[in-house]
Structures are given as C-alpha cells and as structure tokens.
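> I'd like to ask you about the structure that follows.
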Amino acid sequence: MQKITVQTRPIDAQKPGTSGLRKKTHVFMGPHYLENYVQAIFDGIGGVAGKRLVLGGDGRYFNDRAAQVILRMAAAQGAAGVIVGVNALLSTPAASHLIRLRGTDGGLILSASHNPGGPEGDFGLKYNTPNGGPAPENVTDRIFAATQTVSQYTILEAHDLDLTRPGTTALGEMTVEILDPVADYAALMETLFDFDAIRALFASGFTMRFDAMHAVTGPYAHAILEGMLGAAPGTVVNGTPSPDFGGGHPDPNPIWAKDLVDRMMAPDAPDFGAASDGDGDRNMIMGRGVYVGPSDSLALLTAHAHRAPGYARGLKGVARSMPTSGAVDRVAAALGMACYETPTGWKFFGNLLDAGRATLCGEESAGTGSDHVREKDGLWAVLLWLNILADTRASMADLLAGHWRRYGRNYYSRHDYEDVAADRANALYDGLRARLGSLAGQTFGALTVASADEFAYDDPVDGSHSAAQGLRIGFTSGGRVVFRLSGTGTVGATLRVYLEEVETDPARLDRDAQEALADVIAAAEAIAGIKAHTGREAPDVIT
Ligand code: G16
C-alpha cells in the first residue's frame, strides 16, 4: 500500500456552519472537495498522527464512499486507529457516546442531519471533539482557516475496506475496528431508563408508532423498542435506512412527518407517536390527538425527568437555545434550578454539560438531550417520554394539559422563509439590526415593544464570547419575536422567525397556536417588512 501526496488548492466557502460543513452532495463529490475539508479538519486539530478517531454517518448517499476516503487519509497520516460502525453507520448520538466511551481523540460524523439525501440532496461532515460534542467555535475557526491554506493532502492507495461485518482489521499501519453501531448505545440507554417499567407498559397494551423516516434510527429503534422493550412488531415504521431516505425529507416536524401526524390525529391512533431525523439526534413527540412542540417537550421532560432512574437524583440545571420558548424557564424556576440561555447550536451546551452545570438541554429545532452524551439524542428523548408514561400511566393529552394549567402555556411557532436571495435576507436582517435601538416603546398593532437587542453569549465556563446570535424583540405582553438567519441551509439564505406569546389564563390554554400568535405575527411583519424583503406572501415552513 502506497502513500501518495496530492497537490490541491483551497476551495471557496468551506466554512463550517451551525453544525459542520453542509453542502449539496454533488459539491461534496467534486474534485478534492471532501479531501480538502478532511485535511483541514486534520490540520485544524493538530494532525492525526498517533490518534484514535470514531467514524460513522447517517447512511445518506456518498456516506460509504466518503468513509473509505477518510479511512485512507487517516491511515496515510499516521492515525493509530479508527472505530467505525458497520457499513459506516452511526447515529450522531451513538457516535458521541462511542467517542466518550472509548476515550478517542474525537470523531468524524458524515451527515447533513435532517436535510434530504441523494445525489440531488445534501451531504455534510463534522468533527466532534474528545468530549463527544460538536467542535466549538475556536476549533471550527481553525478548521476554516486551514481550508484557506490547504495545498496538499496525503492518502493511502488501497482497496476499499469491507465494512459490512464487525471485526478488527488493518489499513496500512492503522487499526480499523468495525462494530455494531447499536450495541453500546442500547447498553447506555438501559442504564438511564427503567426498561422493566417500559416493558410492563407495552405488555399492558400500550401502543406506539415510531417513524424512523428511512434514516439511521431505524436499526436502533427496532433493537431497543421492539427487541428489548417488547413493543409490538410494526411499531417502528420506515425503519430501514436508505441513501435518499426513501425520497423523503427526514425532518421530524409536522410538515415532513405528516403521515405520523395524520395517524396520531385519527380516532384509533396509538397512545404515543414519535419520529427521528436523518442522523438520529432530533425528535418529534406526539400523543393520541396531540402534538408536543419541542419547547414544551423540553419543559415537560424537565418537570418529570426524576421519574427515570438516570435522573432520579434531580437535575443540576437546564439549558435552552435563545430562540427556544421560555416554557422550561418556568419549570426550572419552580424547581429552583439554574436555566441557561445559549446561542443556537448544540456545541454551545458542551461546556455547561462538561462543567456539571446543566443536565438537560433542548432546542426549538426538535433537539433534546442530556449529559449522557454531548449531542442531542432523538431516541433518548423518546425513551425518557416512555419512562414518564410508564411511571404516570397518564395520557399524553392529560400530561400536556396538566402542565399548562400549572405553569401556563408559551404559545410558540417558527416561520421559515427558505432559499431567499442572500442579499435580500441580509438587507432585512441588517436593516432591522440598525433600528433595534429605536424600537423600545413603539407600538405595532396590538403590541408594544419592551426591549430589542442582538443576542450575544458569554460562556460562563470558559468566558468565550459569541456575538451576533440573533435579533430579539420583546413585547410588554410577555411575547416576543426573534429573527435569525439559519446556519445549516445549503441554498440561499433561510430566514427564521420565532414567535412566542405567554398565556396563563386557564380558559385560553387550548387555542390554535397560529391564532394565539396572530398579534405577534402581525407585529413581526410590521417591524421587519418580511413580505417586502423576501418577496414571499407566506412562510415556506411553519412549525
Ligand atoms: C443543528 C444544530 C442545532 C440547531 C439546528 C438548526 O442541528 O446542532 O443546534 O438548532 O442545527 O440550526 P439553524 O437554525 O442554524 O439552521 P442539526 O440537527 O441540523 O444537526
């Protein structure tokens, strides 16, 4: 096996976004594109000589080819070993767990998360640090800097490794351990949750539908829900990962998981419904006749986490991203625990989790997780819900209604304007930013602005400062609107408008969210001129 050095040149715009580098698949497959970026990761972390890495992905188109390239580059550059899932599959949370369990020098995850896959879809790659979490900004800055100076990479000339079976093999002088992607993760889940209680729940006739959306969670859900917990065969649907996710969009929200929503809203719906995304870190939670929004899910999980053995001793604190609703804040206040507000991006939770300041974290973008790994974790959220249901034996609808009665309800919605021309999106955003200082006291329709600022974050653990993390406008009613430009899209700009209004009147807790938010929606339009700037009459996606 020969090591060869390939001359290359920097490629434009290989800048990691909210979670790694995400581009159109054909862009990633272009000459030197993947290799340049892998080299930049290796350079950005000080080389891989003597290091051990975890490698795996969500199985999307090009996952298999990219994994072989990364293995050959790691071997050529002196890595001591790579632990890789069978067929180069690993869910993102399972990869995070393996990095921690095996004490590796980090890992490479092949995924564009919930974005569609296939030759016309998206591909992505990110580096996770030895704590198992997405690389923080100082590391991604070094990686980006390396993409701008890369001039060559070394790679082994070798045949593809057979990754179809567990076992240990060698590539040049590098050890490659191929393992079952599910086993270690399933064992971890067993330490956190009362599997006996959940088995008893299923044995009592409790029914569930889990939609794996043709993505990586399928094998995990089959093994854990149907295999270990005794859920009826057929509970897991769309459970075989496919390179283009069955032609679908593996984003677990009411738009893309509409089939699940329809089933859960039917009179003969199962008791509990859930879905997960491309790489298994996001979740959607439903009960018969009810949809539990991600912000509410975080709040309820926080209120009930003590019911699961892994959290029986209570939570050290909770954290949510800034655009996530304040529902969890009220639970934290009632329980007397710290509640942190971070910028969007799971990487910002890493320090809080490492320092033992937060146990649970969550985001409006369908992510919830805990200190068991350093990624959000879709199936973990589903299992915590199951543990709560097993312990309370209450219906999802009753749990949700009871929660709102006790804490009030944060009506919440996100309106996305996708693939907007970047200059138009920037004009809206920059124009609004320039006017923030003059908004307080102004009235827009029924609402008066109480505060307006651009969110910035000072990490309480390492003191790092992250500026320009979204524009937030609070109203005297207690409601708010937040404007952000997404950092995960691959075409044009995506404008996210996050809308929230607080309701504590027991007679008004059961309204339609868009209706309850009508004043906030109208004020957002009046303040920012969304229609004029984007040229759109309505959002592309409402969640
Ligand atoms: C990633 C991040 C999340 C973030 C989400 C959306 O999730 O890990 O923290 O909330 O993107 O980010 P944006 O609003 O910038 O598009 P995932 O599931 O895509 O890896």
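For the structure tokens, the naming scheme is as follows: chains receive sequential letters (A, B, ...) according to their order of presentation, residues are indexed from 1 within each chain, and ligands are indexed from 1 in presentation order.
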Contacts of segment 390-395 of chain A at 8 Å or less, counting only C-alpha atoms, minus same-chain residues fewer than 4 places along, as number ranges by chain?
A: 197-198, 200-201, 271, 287, 307, 386, 399
> Could you report the residues within 10 Å of ligand 1, using only C-alpha atoms and all ligand atoms, as number ranges by chain?
A: 17-20, 22, 92, 111-115, 124, 126, 133-134, 251, 277-283, 320-324, 342-349, 362-368, 375-378, 416, 469, 484-490, 493-496
> Which of segment 249-486 of chain A counts as alpha helix (DSSP H) under DSSP, as a PyMOL selection string please?
chain A and resi 258-265+294-304+327-335+350-354+378-392+396-407+422-435
> Excluding same-chain residues fewer than 6 positions from Ala327 of chain A, what lies within 12 Å of it counting only C-alpha atoms, as a ChimeraX atom specification?
/A:293-303,318-320,333-334,339,362-364,403-404,406-412,479,500-504
> Kindly save the residues from that selection, with N, CA and C atoms included, as an mmCIF file, in the first residue's frame.

```cif
data_model
loop_
_atom_site.group_PDB
_atom_site.id
_atom_site.type_symbol
_atom_site.label_atom_id
_atom_site.label_comp_id
_atom_site.auth_asym_id
_atom_site.auth_seq_id
_atom_site.Cartn_x
_atom_site.Cartn_y
_atom_site.Cartn_z
ATOM 1 N N GLY A 293 -44.868 20.286 21.008
ATOM 2 C CA GLY A 293 -43.793 21.065 20.392
ATOM 3 C C GLY A 293 -42.485 20.862 21.140
ATOM 4 N N PRO A 294 -41.363 21.049 20.435
ATOM 5 C CA PRO A 294 -40.056 20.791 21.066
ATOM 6 C C PRO A 294 -39.824 21.596 22.345
ATOM 7 N N SER A 295 -40.266 22.852 22.365
ATOM 8 C CA SER A 295 -40.029 23.660 23.569
ATOM 9 C C SER A 295 -40.854 23.130 24.734
ATOM 10 N N ASP A 296 -42.096 22.706 24.450
ATOM 11 C CA ASP A 296 -42.924 22.123 25.509
ATOM 12 C C ASP A 296 -42.355 20.780 25.952
ATOM 13 N N SER A 297 -41.847 20.028 24.980
ATOM 14 C CA SER A 297 -41.290 18.721 25.329
ATOM 15 C C SER A 297 -40.139 18.903 26.315
ATOM 16 N N LEU A 298 -39.282 19.870 26.051
ATOM 17 C CA LEU A 298 -38.166 20.134 26.969
ATOM 18 C C LEU A 298 -38.695 20.482 28.361
ATOM 19 N N ALA A 299 -39.748 21.306 28.405
ATOM 20 C CA ALA A 299 -40.289 21.728 29.700
ATOM 21 C C ALA A 299 -40.881 20.531 30.462
ATOM 22 N N LEU A 300 -41.634 19.687 29.745
ATOM 23 C CA LEU A 300 -42.238 18.535 30.425
ATOM 24 C C LEU A 300 -41.185 17.518 30.847
ATOM 25 N N LEU A 301 -40.191 17.300 29.994
ATOM 26 C CA LEU A 301 -39.134 16.346 30.368
ATOM 27 C C LEU A 301 -38.407 16.851 31.614
ATOM 28 N N THR A 302 -38.196 18.153 31.681
ATOM 29 C CA THR A 302 -37.521 18.726 32.851
ATOM 30 C C THR A 302 -38.373 18.498 34.109
ATOM 31 N N ALA A 303 -39.673 18.709 33.955
ATOM 32 C CA ALA A 303 -40.563 18.563 35.117
ATOM 33 C C ALA A 303 -40.650 17.114 35.605
ATOM 34 N N VAL A 318 -30.714 23.266 33.669
ATOM 35 C CA VAL A 318 -31.169 23.046 32.291
ATOM 36 C C VAL A 318 -30.646 24.179 31.417
ATOM 37 N N ALA A 319 -30.615 23.917 30.122
ATOM 38 C CA ALA A 319 -30.192 24.951 29.184
ATOM 39 C C ALA A 319 -31.044 24.853 27.935
ATOM 40 N N ARG A 320 -31.309 26.006 27.358
ATOM 41 C CA ARG A 320 -32.054 26.034 26.090
ATOM 42 C C ARG A 320 -31.407 27.067 25.190
ATOM 43 N N ALA A 333 -37.494 27.492 37.347
ATOM 44 C CA ALA A 333 -37.692 28.415 38.479
ATOM 45 C C ALA A 333 -38.459 27.709 39.598
ATOM 46 N N ALA A 334 -39.495 26.956 39.214
ATOM 47 C CA ALA A 334 -40.295 26.268 40.228
ATOM 48 C C ALA A 334 -39.469 25.217 40.969
ATOM 49 N N CYS A 339 -31.080 27.873 34.877
ATOM 50 C CA CYS A 339 -31.545 27.729 33.496
ATOM 51 C C CYS A 339 -30.692 28.649 32.630
ATOM 52 N N GLY A 362 -32.101 21.620 25.509
ATOM 53 C CA GLY A 362 -33.044 21.438 24.419
ATOM 54 C C GLY A 362 -33.164 22.659 23.539
ATOM 55 N N GLU A 363 -33.698 22.404 22.354
ATOM 56 C CA GLU A 363 -33.835 23.471 21.368
ATOM 57 C C GLU A 363 -35.176 23.367 20.659
ATOM 58 N N GLU A 364 -35.639 24.514 20.197
ATOM 59 C CA GLU A 364 -36.879 24.545 19.432
ATOM 60 C C GLU A 364 -36.781 23.734 18.143
ATOM 61 N N HIS A 403 -49.706 20.241 32.589
ATOM 62 C CA HIS A 403 -48.506 21.086 32.626
ATOM 63 C C HIS A 403 -48.872 22.543 32.368
ATOM 64 N N TRP A 404 -49.681 22.772 31.363
ATOM 65 C CA TRP A 404 -50.065 24.149 31.022
ATOM 66 C C TRP A 404 -50.877 24.784 32.155
ATOM 67 N N ARG A 406 -50.581 24.199 35.231
ATOM 68 C CA ARG A 406 -49.710 24.504 36.363
ATOM 69 C C ARG A 406 -48.744 25.657 36.062
ATOM 70 N N TYR A 407 -48.170 25.621 34.849
ATOM 71 C CA TYR A 407 -47.089 26.585 34.562
ATOM 72 C C TYR A 407 -47.493 27.688 33.586
ATOM 73 N N GLY A 408 -48.657 27.591 32.972
ATOM 74 C CA GLY A 408 -49.007 28.492 31.877
ATOM 75 C C GLY A 408 -48.479 27.903 30.573
ATOM 76 N N ARG A 409 -48.912 28.492 29.465
ATOM 77 C CA ARG A 409 -48.506 27.958 28.161
ATOM 78 C C ARG A 409 -47.753 29.017 27.357
ATOM 79 N N ASN A 410 -46.642 28.640 26.808
ATOM 80 C CA ASN A 410 -45.925 29.509 25.877
ATOM 81 C C ASN A 410 -46.339 29.088 24.469
ATOM 82 N N TYR A 411 -47.310 29.808 23.915
ATOM 83 C CA TYR A 411 -47.660 29.526 22.515
ATOM 84 C C TYR A 411 -46.432 29.826 21.674
ATOM 85 N N TYR A 412 -46.156 28.965 20.711
ATOM 86 C CA TYR A 412 -44.866 29.075 20.023
ATOM 87 C C TYR A 412 -44.981 28.592 18.584
ATOM 88 N N GLY A 479 -44.792 38.444 25.228
ATOM 89 C CA GLY A 479 -44.461 37.735 23.997
ATOM 90 C C GLY A 479 -43.158 38.248 23.405
ATOM 91 N N GLU A 500 -43.521 33.871 19.858
ATOM 92 C CA GLU A 500 -43.891 33.318 21.169
ATOM 93 C C GLU A 500 -44.818 34.272 21.909
ATOM 94 N N GLU A 501 -45.808 33.720 22.592
ATOM 95 C CA GLU A 501 -46.676 34.535 23.449
ATOM 96 C C GLU A 501 -47.040 33.702 24.675
ATOM 97 N N VAL A 502 -47.038 34.344 25.810
ATOM 98 C CA VAL A 502 -47.299 33.615 27.058
ATOM 99 C C VAL A 502 -48.769 33.740 27.430
ATOM 100 N N GLU A 503 -49.364 32.628 27.846
ATOM 101 C CA GLU A 503 -50.776 32.625 28.252
ATOM 102 C C GLU A 503 -50.918 31.914 29.596
ATOM 103 N N THR A 504 -51.491 32.600 30.562
ATOM 104 C CA THR A 504 -51.682 31.953 31.864
ATOM 105 C C THR A 504 -53.162 31.803 32.227
#
```
> Considering only C-alpha atoms, state which residue in the set A:Ile41, A:Ala269, A:His533, A:Cys361 is at the smallest distance from Ala427 of chain A.
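Closest to Ala427 of chain A, using only C-alpha atoms: A:His533.
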> When you count only C-alpha atoms, which of these residues is closest to Asp122 of chain A: A:Val48, A:Leu110, A:Ile99, A:Val482?
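The shortest atom-to-atom distance to Asp122 of chain A comes from A:Leu110.
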> I'd like a table as a tab-separated table: residues in segment 218-335 of chain A with an atom no more than 9 Å from segment 185-189 of chain A, each row giving the shortest atom pair and its distance in Å to one decimal, only C-alpha atoms counted, sorted by chain and rising residue number.

```
residue	atom	partner	partner_atom	distance
A:Tyr220	CA	A:Ala186	CA	7.5
A:Ala223	CA	A:Ala186	CA	8.0
A:Ile224	CA	A:Ala186	CA	6.5
A:Met228	CA	A:Ala186	CA	8.9
```
> Output all heavy atoms of each residue in that selection to a file, as a PDB file, in the first residue's frame.

```pdb
ATOM      1  N   TYR A 220     -31.681   1.223  15.412  1.00  0.00           N
ATOM      2  CA  TYR A 220     -31.672   1.474  16.862  1.00  0.00           C
ATOM      3  C   TYR A 220     -33.076   1.268  17.433  1.00  0.00           C
ATOM      4  O   TYR A 220     -33.255   0.665  18.488  1.00  0.00           O
ATOM      5  CB  TYR A 220     -31.207   2.918  17.151  1.00  0.00           C
ATOM      6  CG  TYR A 220     -29.768   3.197  16.752  1.00  0.00           C
ATOM      7  CD1 TYR A 220     -29.432   3.536  15.445  1.00  0.00           C
ATOM      8  CD2 TYR A 220     -28.741   3.111  17.684  1.00  0.00           C
ATOM      9  CE1 TYR A 220     -28.122   3.791  15.077  1.00  0.00           C
ATOM     10  CE2 TYR A 220     -27.422   3.363  17.333  1.00  0.00           C
ATOM     11  CZ  TYR A 220     -27.119   3.704  16.020  1.00  0.00           C
ATOM     12  OH  TYR A 220     -25.823   3.950  15.657  1.00  0.00           O
ATOM     13  N   ALA A 223     -34.130  -2.420  17.455  1.00  0.00           N
ATOM     14  CA  ALA A 223     -33.448  -3.191  18.502  1.00  0.00           C
ATOM     15  C   ALA A 223     -33.969  -2.828  19.887  1.00  0.00           C
ATOM     16  O   ALA A 223     -34.211  -3.707  20.720  1.00  0.00           O
ATOM     17  CB  ALA A 223     -31.935  -2.947  18.428  1.00  0.00           C
ATOM     18  N   ILE A 224     -34.147  -1.543  20.148  1.00  0.00           N
ATOM     19  CA  ILE A 224     -34.487  -1.130  21.513  1.00  0.00           C
ATOM     20  C   ILE A 224     -35.996  -1.232  21.768  1.00  0.00           C
ATOM     21  O   ILE A 224     -36.426  -1.852  22.740  1.00  0.00           O
ATOM     22  CB  ILE A 224     -33.971   0.301  21.789  1.00  0.00           C
ATOM     23  CG1 ILE A 224     -32.430   0.306  21.691  1.00  0.00           C
ATOM     24  CG2 ILE A 224     -34.431   0.791  23.158  1.00  0.00           C
ATOM     25  CD1 ILE A 224     -31.796   1.676  21.769  1.00  0.00           C
ATOM     26  N   MET A 228     -35.822  -4.973  22.748  1.00  0.00           N
ATOM     27  CA  MET A 228     -35.571  -5.001  24.198  1.00  0.00           C
ATOM     28  C   MET A 228     -36.807  -4.649  25.033  1.00  0.00           C
ATOM     29  O   MET A 228     -36.944  -5.100  26.158  1.00  0.00           O
ATOM     30  CB  MET A 228     -34.436  -4.025  24.540  1.00  0.00           C
ATOM     31  CG  MET A 228     -33.115  -4.381  23.866  1.00  0.00           C
ATOM     32  SD  MET A 228     -31.865  -3.048  23.953  1.00  0.00           S
ATOM     33  CE  MET A 228     -31.186  -3.313  25.584  1.00  0.00           C
TER      34      MET A 228
END
```
> Using backbone DSSP assignments, extract all strand (DSSP E) residues from segment 236-274 of chain A; output them as a ChimeraX atom specification.
/A:236-237,272-274
> Using only N, CA, C and O atoms, please write the residues we just selected to a file, as a PDB file, in the first residue's frame.

```
ATOM      1  N   VAL A 236     -42.201   0.177  14.760  1.00  0.00           N
ATOM      2  CA  VAL A 236     -41.246   1.014  14.038  1.00  0.00           C
ATOM      3  C   VAL A 236     -41.576   0.956  12.554  1.00  0.00           C
ATOM      4  O   VAL A 236     -41.625  -0.124  11.965  1.00  0.00           O
ATOM      5  N   VAL A 237     -41.832   2.093  11.968  1.00  0.00           N
ATOM      6  CA  VAL A 237     -42.106   2.130  10.527  1.00  0.00           C
ATOM      7  C   VAL A 237     -40.993   2.899   9.821  1.00  0.00           C
ATOM      8  O   VAL A 237     -40.301   3.712  10.426  1.00  0.00           O
ATOM      9  N   PHE A 272     -48.972   6.715  21.699  1.00  0.00           N
ATOM     10  CA  PHE A 272     -47.764   7.545  21.668  1.00  0.00           C
ATOM     11  C   PHE A 272     -47.156   7.459  20.274  1.00  0.00           C
ATOM     12  O   PHE A 272     -47.137   6.390  19.651  1.00  0.00           O
ATOM     13  N   GLY A 273     -46.672   8.592  19.776  1.00  0.00           N
ATOM     14  CA  GLY A 273     -46.049   8.605  18.452  1.00  0.00           C
ATOM     15  C   GLY A 273     -44.762   9.402  18.501  1.00  0.00           C
ATOM     16  O   GLY A 273     -44.646  10.367  19.276  1.00  0.00           O
ATOM     17  N   ALA A 274     -43.797   9.004  17.694  1.00  0.00           N
ATOM     18  CA  ALA A 274     -42.528   9.740  17.687  1.00  0.00           C
ATOM     19  C   ALA A 274     -41.849   9.533  16.346  1.00  0.00           C
ATOM     20  O   ALA A 274     -42.126   8.572  15.613  1.00  0.00           O
TER      21      ALA A 274
END
```
> Quick check, in Å to one decimal: how far apart do atom CA of Val497 of chain A and atom CA of Gly118 of chain A lie?
28.7 Å
> Using only C-alpha atoms, which residues sit within 8 Å of Gly492 of chain A once same-chain residues fewer than 4 positions away are excluded, as a PyMOL selection string?
chain A and resi 418-422
> So which residues touch Ile155 of chain A within 6 Å, counting only C-alpha atoms, skipping near sequence neighbours fewer than 5 positions away, as a ChimeraX atom specification?
/A:3-4,72-73,76
> Applying 9 Å and only C-alpha atoms, which residues near Leu192 of chain A remain after dropping the ones on its own chain fewer than 4 positions away? List them as a PyMOL selection string.
chain A and resi 188+308-311+372+384
> Mind checking which residues fall within 12 Å of Asp512 of chain A, counting only C-alpha atoms, ignoring those fewer than 2 positions away in the same chain, and posting them as JSON, numbers by chain?
{"A": [290, 291, 409, 411, 412, 413, 508, 509, 510, 514, 515, 516, 517, 518]}
> Could you please take those selected residues and save C-alpha atoms as a compact mmCIF listing (two decimals), in the first residue's frame?

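Result file is selection.txt:
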```
# COMPACT_ATOMS: atom_id res chain seq x y z
CA VAL A 290 -51.82 15.94 20.49
CA TYR A 291 -48.58 17.31 19.11
CA ARG A 409 -48.51 27.96 28.16
CA TYR A 411 -47.66 29.53 22.52
CA TYR A 412 -44.87 29.08 20.02
CA SER A 413 -44.22 28.78 16.31
CA ARG A 508 -57.28 30.17 26.97
CA LEU A 509 -54.80 27.32 27.08
CA ASP A 510 -56.33 25.27 24.30
CA GLN A 514 -51.16 30.44 14.92
CA GLU A 515 -54.36 32.05 16.16
CA ALA A 516 -52.93 32.71 19.61
CA LEU A 517 -49.85 34.21 17.98
CA ALA A 518 -51.72 36.41 15.49
```
